[in-house]
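Structure data follow from input-v9.cif (mmCIF, C-alpha atoms and all ligand atoms):
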data_my_file
loop_
_atom_site.label_atom_id
_atom_site.label_comp_id
_atom_site.auth_asym_id
_atom_site.auth_seq_id
_atom_site.Cartn_x
_atom_site.Cartn_y
_atom_site.Cartn_z
CA MET A 1 -0.10 -13.37 -103.68
CA SER A 2 3.07 -14.78 -105.31
CA SER A 3 4.40 -18.15 -104.10
CA GLN A 4 7.59 -16.58 -102.70
CA SER A 5 5.52 -14.24 -100.58
CA ALA A 6 3.29 -16.93 -99.11
CA HIS A 7 5.42 -17.39 -96.02
CA SER A 8 7.74 -14.39 -95.82
CA ALA A 9 5.11 -11.71 -96.50
CA ALA A 10 3.49 -12.37 -93.13
CA ASP A 11 6.74 -11.46 -91.33
CA LEU A 12 7.80 -8.62 -93.58
CA VAL A 13 8.88 -5.37 -91.95
CA VAL A 14 8.69 -2.25 -94.10
CA ALA A 15 10.40 0.80 -92.54
CA ILE A 16 9.39 4.29 -93.70
CA ASP A 17 10.91 7.58 -92.52
CA GLY A 18 10.47 11.14 -93.66
CA PRO A 19 9.76 14.72 -92.61
CA SER A 20 6.36 16.10 -91.68
CA GLY A 21 3.87 16.12 -94.54
CA SER A 22 5.92 13.84 -96.78
CA GLY A 23 2.99 11.40 -96.75
CA LYS A 24 4.31 8.69 -94.41
CA SER A 25 1.05 7.96 -92.57
CA SER A 26 -1.16 7.93 -95.68
CA VAL A 27 1.28 5.84 -97.70
CA ALA A 28 2.23 3.42 -94.89
CA ARG A 29 -1.43 2.67 -94.10
CA ARG A 30 -2.24 1.96 -97.71
CA VAL A 31 0.84 -0.23 -98.21
CA ALA A 32 -0.04 -2.19 -95.06
CA GLN A 33 -3.60 -2.72 -96.28
CA VAL A 34 -2.49 -3.93 -99.70
CA LEU A 35 0.13 -6.32 -98.27
CA GLN A 36 -2.09 -7.39 -95.35
CA LEU A 37 0.46 -6.23 -92.80
CA ARG A 38 -0.07 -4.35 -89.55
CA TYR A 39 0.59 -0.61 -89.38
CA LEU A 40 2.49 1.26 -86.65
CA ASP A 41 2.48 5.07 -86.45
CA THR A 42 5.42 5.81 -84.15
CA GLY A 43 4.76 9.56 -84.28
CA ALA A 44 1.44 8.84 -82.58
CA MET A 45 3.42 7.23 -79.73
CA TYR A 46 5.49 10.41 -79.18
CA ARG A 47 2.25 12.40 -79.35
CA ALA A 48 0.53 10.11 -76.82
CA VAL A 49 3.45 10.45 -74.40
CA THR A 50 3.23 14.25 -74.78
CA TRP A 51 -0.50 14.14 -74.04
CA TRP A 52 0.05 11.95 -70.98
CA LEU A 53 2.88 14.08 -69.52
CA LEU A 54 0.88 17.30 -69.98
CA GLU A 55 -2.14 15.58 -68.44
CA GLN A 56 -0.04 14.81 -65.35
CA GLY A 57 1.27 18.37 -65.18
CA VAL A 58 4.87 17.35 -65.80
CA GLU A 59 7.26 20.05 -67.03
CA LEU A 60 8.59 18.69 -70.32
CA THR A 61 11.89 20.46 -69.60
CA ASP A 62 12.33 18.17 -66.57
CA THR A 63 13.79 15.48 -68.82
CA GLU A 64 14.56 12.93 -66.11
CA ARG A 65 11.11 13.03 -64.57
CA ALA A 66 9.49 12.93 -68.02
CA ALA A 67 11.52 9.86 -69.00
CA GLU A 68 10.80 8.16 -65.66
CA LEU A 69 7.05 8.59 -66.11
CA THR A 70 7.18 7.48 -69.74
CA ALA A 71 8.58 4.12 -68.65
CA ARG A 72 5.21 3.55 -66.93
CA ILE A 73 2.79 4.86 -69.57
CA PRO A 74 -0.03 2.34 -70.21
CA LEU A 75 0.10 2.95 -73.97
CA ARG A 76 -1.70 0.60 -76.35
CA MET A 77 -1.30 0.92 -80.11
CA GLY A 78 -3.94 -0.72 -82.32
CA THR A 79 -2.18 -1.75 -85.52
CA ASP A 80 -5.07 -2.52 -87.88
CA PRO A 81 -4.31 -0.30 -90.90
CA GLN A 82 -8.04 0.14 -91.60
CA ARG A 83 -8.61 1.49 -88.11
CA PRO A 84 -5.44 2.33 -86.18
CA THR A 85 -6.11 3.22 -82.54
CA VAL A 86 -4.19 4.86 -79.68
CA HIS A 87 -5.18 4.35 -76.03
CA VAL A 88 -3.56 5.49 -72.80
CA GLY A 89 -5.12 3.26 -70.19
CA ASP A 90 -8.81 3.30 -71.11
CA VAL A 91 -8.70 6.74 -72.73
CA ASP A 92 -8.97 6.91 -76.51
CA VAL A 93 -6.45 9.65 -77.32
CA ALA A 94 -6.51 9.40 -81.14
CA GLY A 95 -8.26 12.79 -81.40
CA PRO A 96 -6.54 14.74 -78.61
CA ILE A 97 -3.01 13.83 -79.78
CA ARG A 98 -3.65 15.70 -83.07
CA GLU A 99 -4.47 18.99 -81.33
CA SER A 100 -2.10 21.85 -82.10
CA ARG A 101 -1.06 22.19 -78.43
CA ILE A 102 0.38 18.65 -78.74
CA SER A 103 2.02 19.37 -82.12
CA ALA A 104 3.61 22.45 -80.56
CA ALA A 105 4.99 20.48 -77.57
CA VAL A 106 5.89 17.10 -79.06
CA SER A 107 9.46 17.95 -80.11
CA ALA A 108 10.40 18.47 -76.45
CA VAL A 109 9.39 14.85 -75.91
CA ALA A 110 10.92 13.54 -79.16
CA THR A 111 14.29 15.11 -78.28
CA ASN A 112 14.34 13.51 -74.80
CA LEU A 113 16.81 10.64 -75.22
CA GLY A 114 15.46 8.67 -72.23
CA ILE A 115 11.98 8.76 -73.75
CA ARG A 116 13.35 7.74 -77.15
CA ARG A 117 15.07 4.70 -75.59
CA GLU A 118 11.79 3.59 -74.00
CA LEU A 119 9.67 4.10 -77.13
CA VAL A 120 12.21 2.50 -79.48
CA ALA A 121 12.18 -0.64 -77.27
CA ARG A 122 8.37 -0.74 -77.37
CA GLN A 123 8.34 -0.22 -81.15
CA GLN A 124 10.86 -3.03 -81.65
CA ALA A 125 8.75 -5.36 -79.49
CA ILE A 126 5.66 -4.62 -81.60
CA ALA A 127 7.61 -5.06 -84.86
CA ALA A 128 8.97 -8.43 -83.65
CA GLU A 129 5.46 -9.91 -83.27
CA ARG A 130 4.77 -10.22 -87.02
CA GLY A 131 4.74 -8.33 -90.30
CA VAL A 132 4.25 -4.59 -90.09
CA VAL A 133 4.74 -1.29 -91.88
CA VAL A 134 6.37 1.09 -89.38
CA GLU A 135 6.63 4.81 -90.07
CA GLY A 136 8.42 7.62 -88.28
CA ARG A 137 11.75 9.44 -88.21
CA ASP A 138 14.28 6.83 -87.02
CA ILE A 139 12.75 3.57 -88.25
CA THR A 140 15.22 2.92 -91.09
CA THR A 141 18.21 3.79 -88.89
CA VAL A 142 17.43 2.82 -85.27
CA VAL A 143 14.16 0.91 -84.79
CA ALA A 144 14.47 -1.50 -87.74
CA PRO A 145 17.84 -0.96 -89.45
CA ASP A 146 17.76 -4.59 -90.66
CA ALA A 147 14.31 -4.37 -92.28
CA PRO A 148 14.43 -5.76 -95.83
CA VAL A 149 12.59 -2.70 -97.14
CA ARG A 150 13.68 0.73 -95.92
CA VAL A 151 12.28 3.86 -97.52
CA LEU A 152 12.90 7.56 -97.03
CA LEU A 153 9.79 9.38 -98.21
CA THR A 154 10.47 12.99 -99.13
CA ALA A 155 8.63 15.90 -100.73
CA SER A 156 9.65 19.50 -101.35
CA GLU A 157 9.15 21.98 -98.52
CA GLU A 158 6.52 23.78 -100.58
CA THR A 159 4.56 20.56 -101.19
CA ARG A 160 4.70 19.50 -97.54
CA LEU A 161 3.54 22.90 -96.29
CA SER A 162 0.69 22.97 -98.75
CA ARG A 163 -0.47 19.43 -97.83
CA ARG A 164 -0.45 20.22 -94.10
CA ALA A 165 -2.22 23.56 -94.63
CA ASN A 166 -4.89 21.70 -96.56
CA GLU A 167 -5.34 19.16 -93.77
CA LEU A 168 -5.35 21.70 -90.95
CA HIS A 169 -7.29 24.52 -92.56
CA GLY A 170 -9.20 22.83 -95.39
CA GLU A 171 -7.43 25.02 -97.94
CA SER A 172 -3.95 25.99 -98.96
CA THR A 173 -3.65 29.78 -99.27
CA GLU A 174 -0.68 32.06 -98.52
CA SER A 175 -1.92 32.71 -94.96
CA THR A 176 -2.76 29.09 -94.10
CA VAL A 177 0.63 27.97 -95.43
CA GLU A 178 2.28 30.61 -93.22
CA ALA A 179 0.29 29.41 -90.19
CA THR A 180 1.49 25.89 -90.84
CA ARG A 181 5.14 26.86 -91.17
CA ASP A 182 6.03 26.51 -87.48
CA GLU A 183 4.13 23.26 -87.16
CA VAL A 184 6.10 21.70 -89.98
CA LEU A 185 9.49 23.35 -90.50
CA ARG A 186 10.44 24.35 -86.94
CA ARG A 187 9.43 20.89 -85.72
CA ASP A 188 11.46 19.12 -88.42
CA ALA A 189 14.49 21.28 -87.56
CA ASP A 190 14.17 20.39 -83.85
CA ASP A 191 13.45 16.71 -84.50
CA SER A 192 16.34 16.31 -86.94
CA THR A 193 18.78 16.96 -84.09
CA VAL A 194 18.02 13.46 -82.72
CA ALA A 195 16.99 11.43 -85.78
CA ARG A 196 18.24 11.29 -89.34
CA PHE A 197 15.33 11.71 -91.73
CA LEU A 198 16.38 14.52 -94.04
CA ASP A 199 18.74 12.37 -96.09
CA ALA A 200 18.90 8.64 -96.69
CA ALA A 201 21.22 6.34 -94.73
CA GLU A 202 23.12 3.68 -96.70
CA GLY A 203 20.84 1.10 -98.28
CA VAL A 204 17.70 3.23 -97.83
CA ASP A 205 15.64 3.89 -101.00
CA VAL A 206 14.38 7.44 -101.56
CA VAL A 207 10.88 8.14 -102.90
CA ASP A 208 10.21 11.80 -103.70
CA SER A 209 6.44 12.28 -103.73
CA SER A 210 6.49 16.00 -104.63
CA HIS A 211 5.01 15.42 -108.06
CA MET A 212 3.19 12.15 -107.41
CA THR A 213 -0.39 11.39 -106.47
CA LEU A 214 -1.01 9.30 -103.36
CA ASP A 215 -1.74 6.26 -105.57
CA GLU A 216 1.52 6.72 -107.45
CA THR A 217 3.47 7.03 -104.21
CA VAL A 218 1.91 3.83 -102.82
CA ARG A 219 2.77 2.10 -106.12
CA ALA A 220 6.39 3.32 -105.87
CA VAL A 221 6.74 1.82 -102.37
CA LEU A 222 5.10 -1.46 -103.46
CA ASP A 223 7.57 -1.60 -106.38
CA LEU A 224 10.44 -1.24 -103.90
CA VAL A 225 8.98 -4.05 -101.78
CA GLU A 226 8.97 -6.26 -104.87
CA LYS A 227 12.47 -5.18 -105.90
CA ARG A 228 13.95 -5.81 -102.45
CA THR A 229 12.04 -8.98 -101.46
CA GLY A 230 10.22 -10.39 -104.49
CA ILE A 231 6.96 -10.00 -102.55
CA THR A 232 3.97 -8.76 -104.57
CA PRO A 233 0.42 -8.06 -103.36
N1 LIG B 1 1.75 11.86 -103.29
C1 LIG B 1 1.30 11.88 -102.06
N2 LIG B 1 1.81 11.01 -101.17
C2 LIG B 1 1.37 11.04 -99.90
N3 LIG B 1 0.45 11.90 -99.42
C3 LIG B 1 -0.08 12.77 -100.25
C4 LIG B 1 0.32 12.81 -101.61
N4 LIG B 1 -0.35 13.79 -102.21
C5 LIG B 1 -1.15 14.35 -101.28
N5 LIG B 1 -1.01 13.74 -100.09
C6 LIG B 1 -1.72 14.13 -98.88
O1 LIG B 1 -0.78 14.77 -98.03
C7 LIG B 1 -1.07 14.50 -96.67
C8 LIG B 1 0.16 13.81 -96.09
O2 LIG B 1 0.00 13.69 -94.74
P1 LIG B 1 0.54 12.46 -93.89
O3 LIG B 1 0.34 11.16 -94.56
O4 LIG B 1 -0.05 12.68 -92.54
O5 LIG B 1 2.12 12.79 -93.88
P2 LIG B 1 3.17 12.52 -92.73
O6 LIG B 1 2.70 11.29 -92.00
O7 LIG B 1 4.47 12.30 -93.47
O8 LIG B 1 3.21 13.75 -91.89
C9 LIG B 1 -2.31 13.61 -96.65
O9 LIG B 1 -3.45 14.42 -96.49
C10 LIG B 1 -2.29 12.99 -98.03
O10 LIG B 1 -3.55 12.61 -98.49
N1 LIG B 2 10.03 7.66 -84.90
C1 LIG B 2 9.66 8.92 -84.63
C2 LIG B 2 8.36 9.38 -84.93
C3 LIG B 2 8.03 10.67 -84.62
N2 LIG B 2 8.94 11.46 -84.00
C4 LIG B 2 8.55 12.82 -83.60
C5 LIG B 2 8.59 13.81 -84.72
C6 LIG B 2 7.35 14.63 -84.58
O1 LIG B 2 7.66 15.91 -84.05
C7 LIG B 2 6.48 13.91 -83.57
C8 LIG B 2 5.12 13.47 -84.11
O2 LIG B 2 5.32 12.70 -85.27
P1 LIG B 2 4.23 12.64 -86.43
O3 LIG B 2 4.70 11.61 -87.40
O4 LIG B 2 2.87 12.52 -85.85
O5 LIG B 2 4.39 14.07 -87.06
P2 LIG B 2 3.59 14.73 -88.22
O6 LIG B 2 2.55 15.55 -87.57
O7 LIG B 2 3.05 13.68 -89.11
O8 LIG B 2 4.63 15.57 -88.84
O9 LIG B 2 7.23 12.80 -83.09
C9 LIG B 2 10.20 11.01 -83.72
O10 LIG B 2 11.02 11.76 -83.20
N3 LIG B 2 10.55 9.73 -84.03
#
As structure tokens:
Amino acid sequence: MSSQSAHSAADLVVAIDGPSGSGKSSVARRVAQVLQLRYLDTGAMYRAVTWWLLEQGVELTDTERAAELTARIPLRMGTDPQRPTVHVGDVDVAGPIRESRISAAVSAVATNLGIRRELVARQQAIAAERGVVVEGRDITTVVAPDAPVRVLLTASEETRLSRRANELHGESTESTVEATRDEVLRRDADDSTVARFLDAAEGVDVVDSSHMTLDETVRAVLDLVEKRTGITP
């Protein structure tokens, strides 16, 4: 680790936003591991709230009730980048929150402004503890607009659809890409009504991963960390 990084690296906040399938989770985890920072997946928090509200039989269209209940959710995020965890009370929800019924419903939660207020406050409290890589849709603009490193990770629509199809179906054919379309594009369209992640806000660096490997994308973000802060692994 370089001498400049010895103190400041431990408190560094790296903010990463981008649309679905741009590679945020994979890249943020790797960057956190390399820089020995914590890792926070804010999308998992919106997913956990969705799981919890459905579990309680709450109509997601009842926005006031949904926001009221969210204020009381016993949500615990484990921020070890090697093994991130998500618990609601004692229930490990890491698996259930990835189910397609949650993916299909999560935008109704993410577009509830009362819920966003609650989760943004919790995310800011976690980020204030010590250094962390935070990824989501409104990290560079709302959660951590003063972070020294702010990155918008993008990839072409075609690339994002093919990556998600691969993850969900184990292959990327015309029909699996089609099946993934709603999960990715409709959700991004809905989500982008409440958060700005399709273009970069002022001072935010863009990394387009369409033609990069995962390693190259991680390298590009680490280079930006060095450029913006002087911190190297
Ligand atoms: N250059 C790349 N950068 C990031 N992820 C990539 C890249 N190439 C392929 N992938 C793969 O694409 C998928 C991206 O998914 P994920 O990280 O969950 O994205 P997001 O969090 O933005 O939805 C992962 O399976 C990852 O391994
Ligand atoms: N900071 C954030 C993070 C996620 N969201 C929304 C956007 C998505 O629809 C859901 C789930 O996010 P997640 O990052 O898990 O989405 P992907 O499946 O990786 O595309 O939450 C948000 O509105 N703000």
Within-8 Å residues of ligand LIG 1 (chain B), basis all atoms listed in the file, as a ChimeraX atom specification = /A:18-28,135-136,153,160,163-164,166-167,209-218
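Considering all atoms listed in the file, the residue among A:Arg150, A:Arg38, A:Arg181, A:Arg228 positioned nearest to Ile126 in chain A is A:Arg38.
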key: Among listed residues A:Thr111, A:Thr232, A:Thr176, A:Thr79, nearest Asp41 in chain A (using all atoms listed in the file)   = A:Thr79
request  = Return as number ranges by chain every polymer residue, whether protein, DNA or RNA, with at least one atom no more than 6 Å from an atom of ligand LIG 2 (chain B); count all atoms listed in the file.
outcome  = A: 20-21, 42-44, 46-47, 106-107, 110, 136-139, 187, 191
query = In Å to one decimal, how far is CA of Glu157 in chain A from CA of Glu174 in chain A?
reply =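 Rounded to one decimal, the two atoms are 14.1 Å apart.
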inquiry  = Just checking: using all atoms listed in the file, which residue out of A:Leu113, A:Val221, A:Ala94, A:Val184 ends up closest to Pro233 in chain A?
reply    =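 Nearest to Pro233 in chain A: A:Val221.
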task = Provide the CA of Leu53 in chain A to CA of Gln82 in chain A distance in Å, to one decimal place.
result =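 Distance reported for this atom pair: 28.3 Å.
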Taking N, CA and C atoms as the atom set, what does range 212-229 of chain A look like once completed, written as a PDB file, in the frame of the given file?
ATOM      1  N   MET A 212       3.950  13.401-107.250  1.00  0.00           N
ATOM      2  CA  MET A 212       3.190  12.150-107.410  1.00  0.00           C
ATOM      3  C   MET A 212       1.846  12.265-106.714  1.00  0.00           C
ATOM      4  N   THR A 213       0.862  11.517-107.213  1.00  0.00           N
ATOM      5  CA  THR A 213      -0.390  11.390-106.470  1.00  0.00           C
ATOM      6  C   THR A 213      -0.162  10.368-105.357  1.00  0.00           C
ATOM      7  N   LEU A 214      -1.122  10.290-104.440  1.00  0.00           N
ATOM      8  CA  LEU A 214      -1.010   9.300-103.360  1.00  0.00           C
ATOM      9  C   LEU A 214      -0.916   7.888-103.944  1.00  0.00           C
ATOM     10  N   ASP A 215      -1.763   7.592-104.930  1.00  0.00           N
ATOM     11  CA  ASP A 215      -1.740   6.260-105.570  1.00  0.00           C
ATOM     12  C   ASP A 215      -0.370   5.951-106.155  1.00  0.00           C
ATOM     13  N   GLU A 216       0.209   6.943-106.823  1.00  0.00           N
ATOM     14  CA  GLU A 216       1.520   6.720-107.450  1.00  0.00           C
ATOM     15  C   GLU A 216       2.598   6.481-106.394  1.00  0.00           C
ATOM     16  N   THR A 217       2.477   7.182-105.271  1.00  0.00           N
ATOM     17  CA  THR A 217       3.470   7.030-104.210  1.00  0.00           C
ATOM     18  C   THR A 217       3.365   5.626-103.587  1.00  0.00           C
ATOM     19  N   VAL A 218       2.123   5.186-103.364  1.00  0.00           N
ATOM     20  CA  VAL A 218       1.910   3.830-102.820  1.00  0.00           C
ATOM     21  C   VAL A 218       2.501   2.806-103.792  1.00  0.00           C
ATOM     22  N   ARG A 219       2.251   3.014-105.079  1.00  0.00           N
ATOM     23  CA  ARG A 219       2.770   2.100-106.120  1.00  0.00           C
ATOM     24  C   ARG A 219       4.304   2.063-106.066  1.00  0.00           C
ATOM     25  N   ALA A 220       4.921   3.249-105.902  1.00  0.00           N
ATOM     26  CA  ALA A 220       6.390   3.320-105.870  1.00  0.00           C
ATOM     27  C   ALA A 220       6.942   2.520-104.691  1.00  0.00           C
ATOM     28  N   VAL A 221       6.270   2.580-103.546  1.00  0.00           N
ATOM     29  CA  VAL A 221       6.740   1.820-102.370  1.00  0.00           C
ATOM     30  C   VAL A 221       6.515   0.322-102.606  1.00  0.00           C
ATOM     31  N   LEU A 222       5.362  -0.039-103.178  1.00  0.00           N
ATOM     32  CA  LEU A 222       5.100  -1.460-103.460  1.00  0.00           C
ATOM     33  C   LEU A 222       6.135  -2.002-104.457  1.00  0.00           C
ATOM     34  N   ASP A 223       6.537  -1.177-105.420  1.00  0.00           N
ATOM     35  CA  ASP A 223       7.570  -1.600-106.380  1.00  0.00           C
ATOM     36  C   ASP A 223       8.895  -1.866-105.653  1.00  0.00           C
ATOM     37  N   LEU A 224       9.203  -1.036-104.663  1.00  0.00           N
ATOM     38  CA  LEU A 224      10.440  -1.240-103.900  1.00  0.00           C
ATOM     39  C   LEU A 224      10.356  -2.528-103.072  1.00  0.00           C
ATOM     40  N   VAL A 225       9.162  -2.800-102.534  1.00  0.00           N
ATOM     41  CA  VAL A 225       8.980  -4.050-101.780  1.00  0.00           C
ATOM     42  C   VAL A 225       9.268  -5.233-102.703  1.00  0.00           C
ATOM     43  N   GLU A 226       8.744  -5.161-103.923  1.00  0.00           N
ATOM     44  CA  GLU A 226       8.970  -6.260-104.870  1.00  0.00           C
ATOM     45  C   GLU A 226      10.450  -6.348-105.245  1.00  0.00           C
ATOM     46  N   LYS A 227      11.051  -5.185-105.497  1.00  0.00           N
ATOM     47  CA  LYS A 227      12.470  -5.180-105.900  1.00  0.00           C
ATOM     48  C   LYS A 227      13.359  -5.766-104.798  1.00  0.00           C
ATOM     49  N   ARG A 228      13.082  -5.390-103.564  1.00  0.00           N
ATOM     50  CA  ARG A 228      13.950  -5.810-102.450  1.00  0.00           C
ATOM     51  C   ARG A 228      13.659  -7.217-101.949  1.00  0.00           C
ATOM     52  N   THR A 229      12.409  -7.694-102.089  1.00  0.00           N
ATOM     53  CA  THR A 229      12.040  -8.980-101.460  1.00  0.00           C
ATOM     54  C   THR A 229      11.392  -9.974-102.417  1.00  0.00           C
TER      55      THR A 229
END
